[in-house]
Structure formats: structure tokens, C-alpha cells
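Chemist: Can you keep this structure in mind? I'll have questions shortly.
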Amino acid sequence: MTPLYTAKSSAALALRYEPDEAKALDTVPPPAPRRPITYQPSLFASRELPRVVPFETIAPGPVQAPVRRAVSSKPRVRRPKVVSGQQDLPFAPNAPSRRARPSEGVIYCDAPVAPPAHRAVAVLLDGVLISIGLAVFGSIFWLAGGRLHWNAQTLPVLLGVVAGVVLLYNLLWCLGDGDTAGMKWSHLKLVDFDGHVPNRAQRFKRMASGLLSLAAAGLGLLWALADTETLTWHDHISKTFPTPY
């Protein structure tokens, strides 16, 4: 009796739970639709092309020898570009133009050399100033009770005093780095062979060489009469000369 009861109970349970199981099966959601897979496009336009860069495209080509051009012996002169209607700018119109140096001791600027007569006027004016200074000094000496005796013993002393005053007069103008008063009054200025104003060292050199021209019995001054450019010894030695302005 017992096995029959068990079979009935199992069948009853199966019939009892059959509607619930069907309902559970109806509530299961359908599977989600699959999204289409998008593939990344290929980096190469064609699969037939090689994907490895060949070595020949990276390696440098054969070195070619440089082409040698014939060089002309004449220097290439660059001509300035001329623009129509452009005006010229006058740079330093008063500056003396330079010429090529033909040789040492020759003037290579456009400044003219003062003629000997013009230079003599400047020396005469400087001599007048020196004479006035000596006259003032002699007057003070006479008023102080001193007396001058002209004889063979006092004459060298007097000449030495005069030479010392002349030397002091020129020395002061060299220290002042300027032309003497006689040169300024006669419209003369001292320039070097380049046409520039000489410096103090050149003025001292000119003064020392001027003493040499006088010591040679004035031969250094007379040399200007035979020189092609009317230059004296101290002009050639100091490479300076007076020019009118």
C-alpha cells in the first residue's frame, strides 16, 4: 500500500506545480540582440604593399664630386644699385680725400702746402710777439736797476736768453696742442700727410726737427726752395706741414 501512495503523491505534486513552472518559463526575458562588431580599418591602403620600409630609401645616395667652375682672374666688382629719383648724400664734404701712398715722405692728401712767403708771414708775426715779450722783460729789468752792457762777453748770454724765450714760446703751444698765434693770424693750420690735425707728439717732433733745420745754418729751411712740394726738413721728419684755410 505504501508504494502506491507515494506514486499518487508524486503525481499530485507534479500536477500542482506544473502551472507555476510554466509561468516561470514565460517570464524569462529574451536574449539581448548582438551588436555588430566594427573592425579598425587597415593602416595600409593595399595588403600587397610591403609593411617594412626598404633600406634603400633611407641610405644616402652616391656622393657626387663637386663641380669646379672656372674662376676669373679679374676681381668681381659689385656695382651699387641705382634707384631712379634717389638723391646722393654728401658725407663729410670738408674732409680731405686720400690718395694712394706713392712712397714715404710724400703728401697723399689734397691739402695744399703753404708757400714759403705765406709761412714767412706767420713766422714774422710770432717774432713780433716774442719781441714784445722781450721788451716787457727788459723794461722790468731796467726799472729794477739792472743795466745791460753790450760786449763780447755778454752777447752770448743775451743770445741764449733770446733763444730760451723762443723755445719756451713754441713749447707752450706744443703743450697746448694747437697752432701758434702767428699761424692763426695768417690763416694757416698744421696738418699731417693724411690731412688730419697732428697730435701732441707730432708737434714736439716738429719743434725738435725745426731746431735741426736752424742748426744746419738754415739749410733745412732753404730746402723748401728746391723741394718739389716746397717742404722743409722738419716737414719731412715730422710728416706735418702748414696749409692755408
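Residues in the C-alpha cells are named by chain (A, B, ... in the order shown) and by number from 1 within that chain; ligands are numbered from 1 in the order shown.
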So which residues touch Glu229 of chain A within 10 Å, counting only C-alpha atoms, skipping near sequence neighbours fewer than 6 positions away, as a JSON list (two decimals) with C-alpha atoms, in the first residue's frame?

Modeler:
[["chain", "number", "residue", "atom", "x", "y", "z"],
["A", 106, "VAL", "CA", 105.30, 112.33, -49.82],
["A", 107, "ILE", "CA", 101.99, 114.07, -49.18],
["A", 112, "PRO", "CA", 97.95, 122.32, -50.41],
["A", 113, "VAL", "CA", 101.27, 123.25, -48.88],
["A", 114, "ALA", "CA", 101.57, 126.89, -47.84],
["A", 115, "PRO", "CA", 104.10, 128.77, -50.00]]

Chemist: Can you list, as a CSV table (one decimal) with N, CA and C atoms, in the first residue's frame, every protein, DNA or RNA residue that comes within 12 Å of Ala122 of chain A when you count only C-alpha atoms, leaving out same-chain residues fewer than 2 positions away?

Modeler:
chain,number,residue,atom,x,y,z
A,114,ALA,N,101.5,125.4,-47.8
A,114,ALA,CA,101.6,126.9,-47.8
A,114,ALA,C,102.9,127.3,-48.5
A,115,PRO,N,102.9,128.3,-49.4
A,115,PRO,CA,104.1,128.8,-50.0
A,115,PRO,C,105.1,129.4,-49.0
A,116,PRO,N,106.3,129.4,-49.3
A,116,PRO,CA,107.3,130.0,-48.3
A,116,PRO,C,107.0,131.4,-47.9
A,117,ALA,N,106.5,132.2,-48.8
A,117,ALA,CA,106.2,133.6,-48.4
A,117,ALA,C,105.1,133.7,-47.4
A,118,HIS,N,104.1,132.8,-47.5
A,118,HIS,CA,103.0,132.8,-46.5
A,118,HIS,C,103.5,132.3,-45.2
A,119,ARG,N,104.4,131.3,-45.2
A,119,ARG,CA,104.9,130.8,-44.0
A,119,ARG,C,105.8,131.8,-43.3
A,120,ALA,N,106.5,132.6,-44.1
A,120,ALA,CA,107.4,133.7,-43.5
A,120,ALA,C,106.5,134.7,-42.8
A,124,LEU,N,107.0,135.8,-39.0
A,124,LEU,CA,107.2,137.2,-38.6
A,124,LEU,C,106.2,137.7,-37.5
A,125,LEU,N,105.0,137.2,-37.6
A,125,LEU,CA,104.0,137.6,-36.6
A,125,LEU,C,104.4,137.0,-35.2
A,126,ASP,N,104.9,135.7,-35.2
A,126,ASP,CA,105.3,135.1,-34.0
A,126,ASP,C,106.5,135.8,-33.4
A,127,GLY,N,107.4,136.3,-34.4
A,127,GLY,CA,108.6,137.0,-33.9
A,127,GLY,C,108.2,138.4,-33.3
A,128,VAL,N,107.2,139.0,-33.8
A,128,VAL,CA,106.7,140.3,-33.2
A,128,VAL,C,106.2,140.0,-31.7
A,129,LEU,N,105.5,139.0,-31.5
A,129,LEU,CA,105.0,138.6,-30.2
A,129,LEU,C,106.2,138.3,-29.2
A,179,ASP,N,98.0,125.4,-32.8
A,179,ASP,CA,98.9,126.2,-33.7
A,179,ASP,C,99.3,127.5,-33.0
A,180,THR,N,100.4,128.1,-33.4
A,180,THR,CA,100.8,129.4,-32.8
A,180,THR,C,99.9,130.5,-33.2
A,181,ALA,N,100.1,131.6,-32.5
A,181,ALA,CA,99.2,132.8,-32.8
A,181,ALA,C,99.5,133.4,-34.2
A,182,GLY,N,100.8,133.3,-34.6
A,182,GLY,CA,101.2,133.8,-36.0
A,182,GLY,C,100.5,133.0,-37.1
A,183,MET,N,100.4,131.7,-36.9
A,183,MET,CA,99.8,130.8,-37.9
A,183,MET,C,98.3,131.1,-37.9
A,184,LYS,N,97.7,131.3,-36.8
A,184,LYS,CA,96.2,131.6,-36.8
A,184,LYS,C,95.9,133.0,-37.4
A,185,TRP,N,96.7,134.0,-37.1
A,185,TRP,CA,96.5,135.3,-37.7
A,185,TRP,C,96.7,135.3,-39.2
A,186,SER,N,97.6,134.5,-39.7
A,186,SER,CA,97.9,134.4,-41.1
A,186,SER,C,97.1,133.3,-41.8
A,187,HIS,N,96.1,132.8,-41.1
A,187,HIS,CA,95.2,131.7,-41.7
A,187,HIS,C,95.9,130.5,-42.2
A,188,LEU,N,96.8,130.0,-41.3
A,188,LEU,CA,97.5,128.7,-41.5
A,188,LEU,C,97.1,127.7,-40.4
A,189,LYS,N,97.1,126.5,-40.8
A,189,LYS,CA,96.9,125.4,-39.8
A,189,LYS,C,97.9,124.2,-40.1
A,190,LEU,N,98.2,123.5,-39.1
A,190,LEU,CA,99.2,122.4,-39.2
A,190,LEU,C,98.4,121.1,-39.4
A,242,PRO,N,102.3,123.2,-42.9
A,242,PRO,CA,101.2,124.2,-42.7
A,242,PRO,C,100.4,124.3,-44.1
A,243,THR,N,99.2,124.5,-44.0
A,243,THR,CA,98.3,124.6,-45.1
A,243,THR,C,97.4,125.8,-44.9
A,244,PRO,N,97.1,126.6,-45.9
A,244,PRO,CA,96.1,127.7,-45.7
A,244,PRO,C,94.7,127.2,-45.6

Chemist: Could you work out how far atom CA of Thr232 of chain A lies from atom CA of Asp192 of chain A, giving the answer in Å with one decimal?

Modeler: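 Interatomic distance, atom CA of Asp192 of chain A to atom CA of Thr232 of chain A: 13.6 Å.
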
Chemist: Give me the residues within 8 Å of segment 196-202 of chain A as a list in words, counting only C-alpha atoms and dropping any in the same chain fewer than 2 places off.

Modeler: Cys174, Leu175, Asp177, Leu190, Val191, Asp192, Phe193, Asp194, Phe204, Lys205, Arg206, Ser238 and Thr240 of chain A

Chemist: For atom CA of Ile130 of chain A and atom CA of Arg147 of chain A, quote the distance in Å rounded to one decimal.

Modeler: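 Atom CA of Arg147 of chain A lies 21.0 Å from atom CA of Ile130 of chain A.
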